[in-house]
Amino acid sequence: MCGITGWINLDSKITHSDAEAVLHSMCERIVHRGPDSEGLWLDDTVALGMRRLSIIDLHTGDQPVFNCDKSIIVMMNGELYNYREVRSELEAKGHKFTTKSDTEILPHLYEEHGDALLEHVNGMYAFSLWDSRRKKLIIARDRFGEKPLYYGVFEDKLIWASELKAILAHPAVKPELDLDAFRHYVSFDYVPAPMSIFKGIQKLPAAHVLTVENGEATTRRYWDLNWSADTPVRMSVASTRTSSNDQDSFAGGTGDADKSVRAPSLRAKAEELRDLLSDAVRMRLVSDVPLGILLSGGIDSSTVAALSVQHATERVKTFSIGFEEDSFDESKYARQVARHLNTEHYEDKLSAATAGDLISEIGTWLDEPMSDGSLIPTYLLARFVRKHVTVALGGDGGDELFAGYPMYYAHTVAAKYLAIPSILRRGLIEPVVNALPVSTKNMSFDYKAKRFVRAANYDAVTRHHSWFGSFSVDQHEELFTKDVLAQTDADIYRGVRELVGGSDAKNVIEQMQYADINFYLAEDILTKVDRAAMAVSLETRAPFLDPRIGQFAASIPVEYKLKGKSGKVILKEAMRDLLPHGILHRPKKGFGIPIAEWLKGRLNPLMHDMLAPERLNKQGLFNVDYVQRLIKEHETGRASHHKELWTLLVFQLWFDNFASQSVNG
């Protein structure tokens, strides 16, 4: 696990005598991602830099890596899980290797397959590849977006990095707040790709590759889910568990192409899923440093733990974090799974005091605002885990791939709700729901009911993101100043609609899954995990995000994922013999913190300071009266505005640290 950065001169005549010093300073900004070593490589056209956290090939795995004649140079952040199989294939074709690292297969794959090299790798990665003969640069991001990659063009240079702070270290970059991205943030809770919070800097979306040749930069999507039928993911992956019949459906066989005539049974597909998951876990257990499992006690992380126990050669270490507040605490479920699997279990406890001390530091290590409430416990868990291991497997991706979020079922309810005459909805149901007593417990009934009726009348994309996010689109007119509204696009969900409209997802559930995979998973969940873990130099791996599993999930009937209120139907069936019944069927609970209560207590002074009228007036972004109304209603218990206020608080903490000087001149 590492961090990468660099630039390419789009005008090849541009040179700087201090280029190496600049590149070194950019690498220094991401030293937390790779504390073990630094790699620099420069010529007159390109500068490539990286920081390394040693995981595979501890002694000879430093970067850059090269092909045999050193004409192709690669720097990579991430892990390629099928590198041993690919390396064997390449050696059979005459390629020679000088290290045992996974990164070294990339220059040789490029020699063999050119731009199609990405079809042959299974992993999480962001890498830069320089073909010095053709003067061609390739930078790419993995299929689901586990590893980040930003880029922008400044002073005839295309500059890229794993984190924004490394790009900002280049003297050509003058940061300026992107108001459209800012407006997206307050509703999404994160900045969705391809935007970043800064003007002129973009995120390379998941499953995209950027190529620079002859001074021209182009981007393309190199992989996507097919929701219509089993589509093979062509790459070299040795499987120790998959049967020959199952393998056909992922390696060019007919699979379920004829499922309209003869649909496979749930049990048969569940067995196929367990084989795929087992192999994905096996591949991700390869490490030359200590490894453990992030265990929440939910079905996803418990699945990873159970399959790890099957493959591990020593007792598996599991880690969880608990909360002092009962409605947020899931540690008893993690302990139950750990006992069931006989793992070596470690547990830490989160208190309001611990989290409160940390919250004020968010802006110092989060280089884009992100108001996902689970960011704090994720960071604390990563910090706790890093004391014991360097690599940790988790259950990220299971909810999006197998319809685990309650919002998917809520779309079915919304269709029935909208069939009720509007006079009854608006005159009776909505007033009753909005009058429900306010609770600060985790995912309380009143909170869910009020958010449901508030967004039910929107189109599916807007409704879905209103349930997930903070400020609904109809709050923007009150929240922002006239200047912000005049300079920005009001249609903040256009990009999501365009993406969903271009997919072959067949129904609203799959369409929202596809949206979540590309936006919420890639730019919230995986970004949160990457930043929290990398802040303490911990590598995290997500077996559910093996591309074979992603395509499998897209290809199966929707009722194998969501049936009535029950999500992850096929996953529960696949794991019924390995996990306790109570773990498989307990209700979904998010990995959050009691923000609603803390904003009335320990965090109340910080909230009043960061959202003070004089501060907001000077900033010129928010309507002061509206923000003060949200605060008053929350403090008096008239409403729970914790998501909205937390989103504003996180932005202010970020703004003070990263953007105040650039925005205020």
# chains A, B, ... in the order shown; residues from 1 in each chain; ligands from 1
>>> select_by_dssp(residues="stretch 233-430 of chain A", states="helix (DSSP H, G or I)", output="MDAnalysis selection string")
chainID A and resid 244:248 266:284 299:311 326:328 331:341 352:359 362:365 375:386 398:401 406:418 422:430
>>> closest_atom_pairs(of="stretch 128-238 of chain A", to="stretch 480-484 of chain A", cutoff="9 Å", atoms="only C-alpha atoms", output="Markdown table")
| residue | atom | partner | partner_atom | distance |
| --- | --- | --- | --- | --- |
| A:Leu179 | CA | A:Val484 | CA | 7.0 |
| A:Asp180 | CA | A:Val484 | CA | 8.7 |
| A:Arg183 | CA | A:Val484 | CA | 8.5 |
>>> write_last_selection(atoms="all heavy atoms", output="PDB file, in the first residue's frame")
ATOM      1  N   LEU A 179     -17.527  25.873  -6.236  1.00  0.00           N
ATOM      2  CA  LEU A 179     -18.840  26.066  -5.622  1.00  0.00           C
ATOM      3  C   LEU A 179     -19.836  24.991  -6.037  1.00  0.00           C
ATOM      4  O   LEU A 179     -20.721  24.617  -5.262  1.00  0.00           O
ATOM      5  CB  LEU A 179     -19.376  27.457  -5.954  1.00  0.00           C
ATOM      6  CG  LEU A 179     -18.645  28.628  -5.284  1.00  0.00           C
ATOM      7  CD1 LEU A 179     -19.247  29.962  -5.737  1.00  0.00           C
ATOM      8  CD2 LEU A 179     -18.696  28.511  -3.767  1.00  0.00           C
ATOM      9  N   ASP A 180     -19.727  24.484  -7.260  1.00  0.00           N
ATOM     10  CA  ASP A 180     -20.623  23.398  -7.662  1.00  0.00           C
ATOM     11  C   ASP A 180     -20.331  22.132  -6.856  1.00  0.00           C
ATOM     12  O   ASP A 180     -21.253  21.444  -6.412  1.00  0.00           O
ATOM     13  CB  ASP A 180     -20.479  23.114  -9.161  1.00  0.00           C
ATOM     14  CG  ASP A 180     -21.353  24.038 -10.005  1.00  0.00           C
ATOM     15  OD1 ASP A 180     -22.563  24.125  -9.733  1.00  0.00           O
ATOM     16  OD2 ASP A 180     -20.819  24.674 -10.925  1.00  0.00           O
ATOM     17  N   ARG A 183     -21.690  22.587  -3.423  1.00  0.00           N
ATOM     18  CA  ARG A 183     -23.140  22.416  -3.366  1.00  0.00           C
ATOM     19  C   ARG A 183     -23.519  20.930  -3.421  1.00  0.00           C
ATOM     20  O   ARG A 183     -24.475  20.503  -2.767  1.00  0.00           O
ATOM     21  CB  ARG A 183     -23.791  23.193  -4.506  1.00  0.00           C
ATOM     22  CG  ARG A 183     -25.292  23.294  -4.391  1.00  0.00           C
ATOM     23  CD  ARG A 183     -25.854  24.357  -5.294  1.00  0.00           C
ATOM     24  NE  ARG A 183     -27.311  24.345  -5.227  1.00  0.00           N
ATOM     25  CZ  ARG A 183     -28.091  25.172  -5.924  1.00  0.00           C
ATOM     26  NH1 ARG A 183     -27.544  26.091  -6.721  1.00  0.00           N
ATOM     27  NH2 ARG A 183     -29.401  25.092  -5.823  1.00  0.00           N
TER      28      ARG A 183
END
>>> atom_distance(atom1="atom CA of A:Phe402", atom2="atom CA of A:Leu80")
24.3 Å
>>> residues_around(residues="A:Ser320", least_positions_apart="5", cutoff="12 Å", atoms="only C-alpha atoms", output="count of residues only")
38
>>> residues_around(residues="A:Cys2", least_positions_apart="6", cutoff="10 Å", atoms="only C-alpha atoms", output="list in words")
Ile30, Val31, His32, Arg33, Gly34, Pro35, Asp36, Ser37, Glu38, Met50, Arg51, Arg52, Leu53, Ser54, Ile55, Met75, Met76, Asn77, Gly78, Glu79, Tyr125, Ala126, Lys147, Ser162, Met534, Ser537 and Glu539 of chain A
>>> select_by_dssp(residues="stretch 202-233 of chain A", states="strand (DSSP E or B)", output="VMD selection string")
chain A and resid 202 to 203 208 to 213 216 to 221
>>> write_last_selection(atoms="C-alpha atoms", output="mmCIF file, in the first residue's frame")
data_model
loop_
_atom_site.group_PDB
_atom_site.id
_atom_site.type_symbol
_atom_site.label_atom_id
_atom_site.label_comp_id
_atom_site.auth_asym_id
_atom_site.auth_seq_id
_atom_site.Cartn_x
_atom_site.Cartn_y
_atom_site.Cartn_z
ATOM 1 C CA GLN A 202 -10.853 16.155 -10.736
ATOM 2 C CA LYS A 203 -11.162 12.640 -9.408
ATOM 3 C CA HIS A 208 -11.420 4.638 -15.619
ATOM 4 C CA VAL A 209 -8.059 5.094 -17.260
ATOM 5 C CA LEU A 210 -6.467 8.378 -18.359
ATOM 6 C CA THR A 211 -3.981 8.402 -21.231
ATOM 7 C CA VAL A 212 -1.679 11.252 -22.266
ATOM 8 C CA GLU A 213 -0.027 11.045 -25.674
ATOM 9 C CA GLU A 216 -3.484 15.260 -25.391
ATOM 10 C CA ALA A 217 -5.241 13.712 -22.397
ATOM 11 C CA THR A 218 -8.203 11.353 -22.820
ATOM 12 C CA THR A 219 -10.198 9.296 -20.326
ATOM 13 C CA ARG A 220 -12.266 6.178 -20.865
ATOM 14 C CA ARG A 221 -14.138 3.600 -18.820
#
>>> residues_around(residues="A:Val186", least_positions_apart="6", cutoff="12 Å", atoms="only C-alpha atoms", output="compact mmCIF listing (two decimals) with N, CA and C atoms, in the first residue's frame")
# COMPACT_ATOMS: atom_id res chain seq x y z
N LEU A 179 -17.53 25.87 -6.24
CA LEU A 179 -18.84 26.07 -5.62
C LEU A 179 -19.84 24.99 -6.04
N ASP A 180 -19.73 24.48 -7.26
CA ASP A 180 -20.62 23.40 -7.66
C ASP A 180 -20.33 22.13 -6.86
N PRO A 192 -18.91 13.98 -5.14
CA PRO A 192 -18.94 12.86 -6.08
C PRO A 192 -18.00 13.06 -7.26
N ILE A 197 -13.29 19.07 -4.54
CA ILE A 197 -13.70 20.30 -3.88
C ILE A 197 -12.97 21.52 -4.43
N PRO A 369 -13.99 17.69 2.32
CA PRO A 369 -15.02 17.49 3.35
C PRO A 369 -15.80 16.21 3.10
N MET A 370 -16.07 15.47 4.17
CA MET A 370 -16.86 14.25 4.11
C MET A 370 -17.59 14.11 5.43
N SER A 371 -18.93 14.09 5.38
CA SER A 371 -19.68 14.11 6.63
C SER A 371 -20.29 12.76 6.98
N ASP A 372 -19.75 11.69 6.45
CA ASP A 372 -20.17 10.35 6.85
C ASP A 372 -19.87 10.19 8.33
N HIS A 465 -31.08 9.63 -2.96
CA HIS A 465 -29.99 10.39 -2.37
C HIS A 465 -30.47 11.30 -1.25
N SER A 466 -31.74 11.68 -1.28
CA SER A 466 -32.30 12.45 -0.16
C SER A 466 -32.42 11.59 1.08
N PHE A 468 -30.37 9.09 1.73
CA PHE A 468 -29.00 8.83 2.15
C PHE A 468 -28.33 10.07 2.73
N GLY A 469 -28.54 11.22 2.07
CA GLY A 469 -27.72 12.39 2.33
C GLY A 469 -28.27 13.33 3.38
N SER A 470 -27.78 14.56 3.36
CA SER A 470 -28.13 15.55 4.37
C SER A 470 -29.20 16.51 3.87
N PHE A 471 -28.80 17.56 3.16
CA PHE A 471 -29.75 18.58 2.72
C PHE A 471 -30.46 18.12 1.45
N SER A 472 -31.78 18.15 1.46
CA SER A 472 -32.55 17.83 0.26
C SER A 472 -32.48 19.02 -0.71
N VAL A 473 -32.80 18.77 -1.97
CA VAL A 473 -32.67 19.82 -2.98
C VAL A 473 -33.57 21.00 -2.67
N GLN A 475 -34.05 22.34 0.12
CA GLN A 475 -33.46 23.15 1.19
C GLN A 475 -32.37 24.08 0.68
N HIS A 476 -31.92 23.88 -0.55
CA HIS A 476 -30.80 24.67 -1.06
C HIS A 476 -31.11 26.16 -1.13
N LEU A 479 -30.60 27.47 2.30
CA LEU A 479 -29.29 27.26 2.90
C LEU A 479 -28.23 28.19 2.35
N PHE A 480 -28.19 28.40 1.04
CA PHE A 480 -27.09 29.13 0.41
C PHE A 480 -27.41 30.61 0.22
N ILE A 492 -28.20 18.98 -9.03
CA ILE A 492 -27.02 18.30 -8.50
C ILE A 492 -27.02 16.80 -8.76
N LEU A 621 -21.08 32.04 2.28
CA LEU A 621 -21.59 30.85 1.60
C LEU A 621 -22.98 30.45 2.06
N PHE A 622 -23.26 30.62 3.35
CA PHE A 622 -24.51 30.12 3.93
C PHE A 622 -25.42 31.26 4.38
N LYS A 643 -27.96 15.48 10.97
CA LYS A 643 -27.22 15.23 9.73
C LYS A 643 -26.84 16.53 9.06
N GLU A 644 -27.77 17.46 8.98
CA GLU A 644 -27.50 18.75 8.34
C GLU A 644 -26.42 19.53 9.11
N LEU A 645 -26.55 19.60 10.43
CA LEU A 645 -25.60 20.37 11.23
C LEU A 645 -24.22 19.72 11.23
N TRP A 646 -24.18 18.39 11.25
CA TRP A 646 -22.89 17.70 11.18
C TRP A 646 -22.21 17.97 9.84
N THR A 647 -23.00 17.97 8.76
CA THR A 647 -22.44 18.25 7.44
C THR A 647 -21.84 19.66 7.39
N LEU A 648 -22.51 20.62 7.97
CA LEU A 648 -21.99 21.99 8.01
C LEU A 648 -20.76 22.09 8.91
N LEU A 649 -20.79 21.41 10.06
CA LEU A 649 -19.66 21.45 10.98
C LEU A 649 -18.41 20.86 10.35
N VAL A 650 -18.55 19.70 9.69
CA VAL A 650 -17.39 19.08 9.04
C VAL A 650 -16.83 19.99 7.95
N PHE A 651 -17.73 20.62 7.18
CA PHE A 651 -17.24 21.53 6.14
C PHE A 651 -16.44 22.66 6.76
N GLN A 652 -16.92 23.24 7.86
CA GLN A 652 -16.21 24.35 8.48
C GLN A 652 -14.85 23.92 9.01
>>> closest_residue(among="A:Ala574, A:Leu611, A:Ala553, A:Ala270", to="A:Leu225", atoms="only C-alpha atoms")
A:Ala553
>>> atom_distance(atom1="atom CA of A:Tyr222", atom2="atom CA of A:Ala207")
5.9 Å
>>> closest_atom_pairs(of="stretch 368-432 of chain A", to="stretch 592-598 of chain A", cutoff="8 Å", atoms="only C-alpha atoms", output="Markdown table")
| residue | atom | partner | partner_atom | distance |
| --- | --- | --- | --- | --- |
| A:Gly373 | CA | A:Gly592 | CA | 5.2 |
| A:Ser374 | CA | A:Gly592 | CA | 4.4 |
| A:Ile376 | CA | A:Ile593 | CA | 7.9 |
| A:Pro377 | CA | A:Gly592 | CA | 7.3 |
>>> write_last_selection(atoms="all heavy atoms", output="short mmCIF file (atom, residue, chain, number, x, y, z; two decimals), in the first residue's frame")
data_model
loop_
_atom_site.label_atom_id
_atom_site.label_comp_id
_atom_site.auth_asym_id
_atom_site.auth_seq_id
_atom_site.Cartn_x
_atom_site.Cartn_y
_atom_site.Cartn_z
N GLY A 373 -20.91 9.96 9.15
CA GLY A 373 -20.73 9.88 10.59
C GLY A 373 -19.86 8.73 11.05
O GLY A 373 -19.38 8.73 12.19
N SER A 374 -19.64 7.75 10.19
CA SER A 374 -18.81 6.61 10.58
C SER A 374 -17.33 6.87 10.37
O SER A 374 -16.50 6.00 10.66
CB SER A 374 -19.23 5.35 9.81
OG SER A 374 -19.04 5.53 8.42
N ILE A 376 -15.32 8.85 12.02
CA ILE A 376 -14.60 8.89 13.29
C ILE A 376 -14.36 7.47 13.85
O ILE A 376 -13.22 7.11 14.15
CB ILE A 376 -15.34 9.76 14.31
CG1 ILE A 376 -15.45 11.20 13.81
CG2 ILE A 376 -14.65 9.71 15.67
CD1 ILE A 376 -14.14 11.87 13.56
N PRO A 377 -15.40 6.65 14.00
CA PRO A 377 -15.13 5.29 14.50
C PRO A 377 -14.26 4.47 13.56
O PRO A 377 -13.49 3.61 14.02
CB PRO A 377 -16.52 4.67 14.66
CG PRO A 377 -17.44 5.52 13.86
CD PRO A 377 -16.86 6.89 13.87
#
>>> residues_around(residues="A:Thr45", least_positions_apart="5", cutoff="12 Å", atoms="only C-alpha atoms", output="list in words")
Gly6, Trp7, Ile8, Asn9, Leu10, Asp11, Ser12, Lys13, Ile14, Thr15, His16, Ala19, Trp130, Asp131, Ser132, Arg133, Arg134, Lys135, Lys136, Leu137, Asp156, Lys157, Leu158, Val212, Glu213, Asn214 and Gly215 of chain A
>>> residues_around(residues="A:Tyr560", least_positions_apart="4", cutoff="12 Å", atoms="only C-alpha atoms", output="PyMOL selection string")
chain A and resi 263-270+273+401-404+510+552-556+564+566-574
>>> write_last_selection(atoms="N, CA and C atoms", output="PDB file, in the first residue's frame")
ATOM      1  N   ALA A 263     -34.304 -20.691 -14.947  1.00  0.00           N
ATOM      2  CA  ALA A 263     -33.623 -19.935 -13.908  1.00  0.00           C
ATOM      3  C   ALA A 263     -32.961 -20.882 -12.923  1.00  0.00           C
ATOM      4  N   PRO A 264     -31.735 -20.590 -12.491  1.00  0.00           N
ATOM      5  CA  PRO A 264     -31.061 -21.452 -11.523  1.00  0.00           C
ATOM      6  C   PRO A 264     -31.724 -21.321 -10.164  1.00  0.00           C
ATOM      7  N   SER A 265     -31.606 -22.357  -9.334  1.00  0.00           N
ATOM      8  CA  SER A 265     -32.177 -22.299  -7.998  1.00  0.00           C
ATOM      9  C   SER A 265     -31.353 -21.376  -7.122  1.00  0.00           C
ATOM     10  N   LEU A 266     -32.001 -20.821  -6.095  1.00  0.00           N
ATOM     11  CA  LEU A 266     -31.307 -19.953  -5.152  1.00  0.00           C
ATOM     12  C   LEU A 266     -30.152 -20.702  -4.502  1.00  0.00           C
ATOM     13  N   ARG A 267     -30.376 -21.958  -4.127  1.00  0.00           N
ATOM     14  CA  ARG A 267     -29.323 -22.711  -3.449  1.00  0.00           C
ATOM     15  C   ARG A 267     -28.120 -22.931  -4.354  1.00  0.00           C
ATOM     16  N   ALA A 268     -28.371 -23.238  -5.612  1.00  0.00           N
ATOM     17  CA  ALA A 268     -27.260 -23.454  -6.540  1.00  0.00           C
ATOM     18  C   ALA A 268     -26.430 -22.181  -6.712  1.00  0.00           C
ATOM     19  N   LYS A 269     -27.106 -21.055  -6.863  1.00  0.00           N
ATOM     20  CA  LYS A 269     -26.383 -19.791  -7.027  1.00  0.00           C
ATOM     21  C   LYS A 269     -25.698 -19.388  -5.725  1.00  0.00           C
ATOM     22  N   ALA A 270     -26.317 -19.721  -4.581  1.00  0.00           N
ATOM     23  CA  ALA A 270     -25.689 -19.410  -3.294  1.00  0.00           C
ATOM     24  C   ALA A 270     -24.379 -20.176  -3.127  1.00  0.00           C
ATOM     25  N   LEU A 273     -21.844 -18.472  -5.194  1.00  0.00           N
ATOM     26  CA  LEU A 273     -21.388 -17.248  -4.533  1.00  0.00           C
ATOM     27  C   LEU A 273     -20.388 -17.580  -3.429  1.00  0.00           C
ATOM     28  N   LEU A 401     -23.751  -4.426  -3.406  1.00  0.00           N
ATOM     29  CA  LEU A 401     -23.852  -5.507  -4.382  1.00  0.00           C
ATOM     30  C   LEU A 401     -25.065  -6.395  -4.147  1.00  0.00           C
ATOM     31  N   PHE A 402     -25.441  -6.585  -2.871  1.00  0.00           N
ATOM     32  CA  PHE A 402     -26.510  -7.532  -2.561  1.00  0.00           C
ATOM     33  C   PHE A 402     -27.721  -6.880  -1.889  1.00  0.00           C
ATOM     34  N   ALA A 403     -27.882  -5.569  -2.126  1.00  0.00           N
ATOM     35  CA  ALA A 403     -29.087  -4.828  -1.727  1.00  0.00           C
ATOM     36  C   ALA A 403     -29.349  -4.905  -0.228  1.00  0.00           C
ATOM     37  N   GLY A 404     -28.349  -4.536   0.553  1.00  0.00           N
ATOM     38  CA  GLY A 404     -28.483  -4.610   1.998  1.00  0.00           C
ATOM     39  C   GLY A 404     -29.033  -3.369   2.669  1.00  0.00           C
ATOM     40  N   GLU A 510     -32.092  -2.272  -8.950  1.00  0.00           N
ATOM     41  CA  GLU A 510     -30.777  -2.430  -9.577  1.00  0.00           C
ATOM     42  C   GLU A 510     -30.215  -1.088 -10.026  1.00  0.00           C
ATOM     43  N   PHE A 552     -21.171 -11.220 -10.727  1.00  0.00           N
ATOM     44  CA  PHE A 552     -22.119 -12.237 -10.264  1.00  0.00           C
ATOM     45  C   PHE A 552     -23.345 -11.567  -9.645  1.00  0.00           C
ATOM     46  N   ALA A 553     -23.135 -10.582  -8.779  1.00  0.00           N
ATOM     47  CA  ALA A 553     -24.247  -9.903  -8.109  1.00  0.00           C
ATOM     48  C   ALA A 553     -25.146  -9.188  -9.107  1.00  0.00           C
ATOM     49  N   ALA A 554     -24.545  -8.593 -10.137  1.00  0.00           N
ATOM     50  CA  ALA A 554     -25.346  -7.890 -11.145  1.00  0.00           C
ATOM     51  C   ALA A 554     -26.170  -8.855 -11.983  1.00  0.00           C
ATOM     52  N   SER A 555     -25.693 -10.083 -12.143  1.00  0.00           N
ATOM     53  CA  SER A 555     -26.323 -11.006 -13.089  1.00  0.00           C
ATOM     54  C   SER A 555     -27.487 -11.794 -12.501  1.00  0.00           C
ATOM     55  N   ILE A 556     -27.566 -11.895 -11.175  1.00  0.00           N
ATOM     56  CA  ILE A 556     -28.601 -12.746 -10.575  1.00  0.00           C
ATOM     57  C   ILE A 556     -29.930 -11.999 -10.490  1.00  0.00           C
ATOM     58  N   GLY A 564     -39.022  -8.844  -0.249  1.00  0.00           N
ATOM     59  CA  GLY A 564     -39.740  -8.142   0.797  1.00  0.00           C
ATOM     60  C   GLY A 564     -38.812  -7.147   1.456  1.00  0.00           C
ATOM     61  N   SER A 566     -36.283  -8.084   3.300  1.00  0.00           N
ATOM     62  CA  SER A 566     -35.020  -8.770   3.547  1.00  0.00           C
ATOM     63  C   SER A 566     -34.042  -8.583   2.391  1.00  0.00           C
ATOM     64  N   GLY A 567     -32.900  -7.973   2.670  1.00  0.00           N
ATOM     65  CA  GLY A 567     -31.835  -7.848   1.685  1.00  0.00           C
ATOM     66  C   GLY A 567     -30.820  -8.962   1.837  1.00  0.00           C
ATOM     67  N   LYS A 568     -29.894  -9.036   0.893  1.00  0.00           N
ATOM     68  CA  LYS A 568     -28.801 -10.014   0.920  1.00  0.00           C
ATOM     69  C   LYS A 568     -29.312 -11.450   1.035  1.00  0.00           C
ATOM     70  N   VAL A 569     -30.412 -11.732   0.382  1.00  0.00           N
ATOM     71  CA  VAL A 569     -31.034 -13.052   0.478  1.00  0.00           C
ATOM     72  C   VAL A 569     -30.041 -14.147   0.108  1.00  0.00           C
ATOM     73  N   ILE A 570     -29.362 -13.986  -0.992  1.00  0.00           N
ATOM     74  CA  ILE A 570     -28.460 -15.038  -1.467  1.00  0.00           C
ATOM     75  C   ILE A 570     -27.233 -15.172  -0.577  1.00  0.00           C
ATOM     76  N   LEU A 571     -26.768 -14.073  -0.001  1.00  0.00           N
ATOM     77  CA  LEU A 571     -25.613 -14.137   0.894  1.00  0.00           C
ATOM     78  C   LEU A 571     -25.974 -14.881   2.176  1.00  0.00           C
ATOM     79  N   LYS A 572     -27.164 -14.636   2.693  1.00  0.00           N
ATOM     80  CA  LYS A 572     -27.619 -15.360   3.891  1.00  0.00           C
ATOM     81  C   LYS A 572     -27.730 -16.852   3.603  1.00  0.00           C
ATOM     82  N   GLU A 573     -28.222 -17.183   2.414  1.00  0.00           N
ATOM     83  CA  GLU A 573     -28.324 -18.589   2.029  1.00  0.00           C
ATOM     84  C   GLU A 573     -26.932 -19.209   1.888  1.00  0.00           C
ATOM     85  N   ALA A 574     -25.999 -18.446   1.316  1.00  0.00           N
ATOM     86  CA  ALA A 574     -24.648 -18.968   1.097  1.00  0.00           C
ATOM     87  C   ALA A 574     -23.918 -19.244   2.407  1.00  0.00           C
TER      88      ALA A 574
END
>>> atom_distance(atom1="atom CA of A:Gly495", atom2="atom CA of A:Tyr514")
12.8 Å
>>> closest_residue(among="A:Thr462, A:Gln551, A:Ser287, A:Thr527", to="A:Ala515", atoms="only C-alpha atoms")
A:Thr462
>>> closest_residue(among="A:Met407, A:Val536, A:Val624, A:Ile72", to="A:Lys565", atoms="only C-alpha atoms")
A:Met407
>>> closest_residue(among="A:Pro406, A:Gly200, A:Gly395, A:Gly114", to="A:Pro175", atoms="only C-alpha atoms")
A:Gly200
>>> closest_residue(among="A:Gly637, A:Phe445, A:Phe188, A:Met607", to="A:Trp467", atoms="only C-alpha atoms")
A:Phe188
>>> decode(residues="stretch 286-297 of chain A", atoms="N, CA, C and O atoms", output="mmCIF file, in the first residue's frame")
data_model
loop_
_atom_site.group_PDB
_atom_site.id
_atom_site.type_symbol
_atom_site.label_atom_id
_atom_site.label_comp_id
_atom_site.auth_asym_id
_atom_site.auth_seq_id
_atom_site.Cartn_x
_atom_site.Cartn_y
_atom_site.Cartn_z
ATOM 1 N N VAL A 286 -2.964 -13.079 1.225
ATOM 2 C CA VAL A 286 -1.534 -13.107 0.920
ATOM 3 C C VAL A 286 -0.885 -11.834 1.454
ATOM 4 O O VAL A 286 -1.269 -10.721 1.087
ATOM 5 N N SER A 287 0.083 -11.982 2.339
ATOM 6 C CA SER A 287 0.754 -10.825 2.933
ATOM 7 C C SER A 287 2.050 -11.274 3.569
ATOM 8 O O SER A 287 2.143 -12.374 4.123
ATOM 9 N N ASP A 288 3.063 -10.423 3.504
ATOM 10 C CA ASP A 288 4.330 -10.692 4.182
ATOM 11 C C ASP A 288 4.410 -9.983 5.531
ATOM 12 O O ASP A 288 5.473 -9.935 6.151
ATOM 13 N N VAL A 289 3.282 -9.409 5.981
ATOM 14 C CA VAL A 289 3.212 -8.719 7.273
ATOM 15 C C VAL A 289 1.957 -9.195 8.008
ATOM 16 O O VAL A 289 1.069 -9.804 7.400
ATOM 17 N N PRO A 290 1.838 -8.939 9.322
ATOM 18 C CA PRO A 290 0.674 -9.407 10.085
ATOM 19 C C PRO A 290 -0.652 -8.900 9.524
ATOM 20 O O PRO A 290 -0.752 -7.757 9.054
ATOM 21 N N LEU A 291 -1.689 -9.752 9.612
ATOM 22 C CA LEU A 291 -2.978 -9.485 8.971
ATOM 23 C C LEU A 291 -4.117 -9.842 9.925
ATOM 24 O O LEU A 291 -4.001 -10.770 10.725
ATOM 25 N N GLY A 292 -5.241 -9.091 9.831
ATOM 26 C CA GLY A 292 -6.411 -9.375 10.650
ATOM 27 C C GLY A 292 -7.696 -9.044 9.914
ATOM 28 O O GLY A 292 -7.678 -8.674 8.735
ATOM 29 N N ILE A 293 -8.832 -9.173 10.613
ATOM 30 C CA ILE A 293 -10.154 -8.957 10.031
ATOM 31 C C ILE A 293 -10.888 -7.879 10.826
ATOM 32 O O ILE A 293 -10.938 -7.940 12.068
ATOM 33 N N LEU A 294 -11.479 -6.907 10.135
ATOM 34 C CA LEU A 294 -12.332 -5.904 10.765
ATOM 35 C C LEU A 294 -13.713 -6.522 10.933
ATOM 36 O O LEU A 294 -14.398 -6.806 9.947
ATOM 37 N N LEU A 295 -14.133 -6.732 12.163
ATOM 38 C CA LEU A 295 -15.351 -7.489 12.439
ATOM 39 C C LEU A 295 -16.370 -6.618 13.170
ATOM 40 O O LEU A 295 -16.180 -6.277 14.341
ATOM 41 N N SER A 296 -17.463 -6.267 12.479
ATOM 42 C CA SER A 296 -18.522 -5.478 13.110
ATOM 43 C C SER A 296 -19.590 -6.354 13.740
ATOM 44 O O SER A 296 -20.337 -5.905 14.604
ATOM 45 N N GLY A 297 -19.690 -7.602 13.296
ATOM 46 C CA GLY A 297 -20.774 -8.476 13.726
ATOM 47 C C GLY A 297 -21.925 -8.498 12.755
ATOM 48 O O GLY A 297 -22.904 -9.218 12.950
#
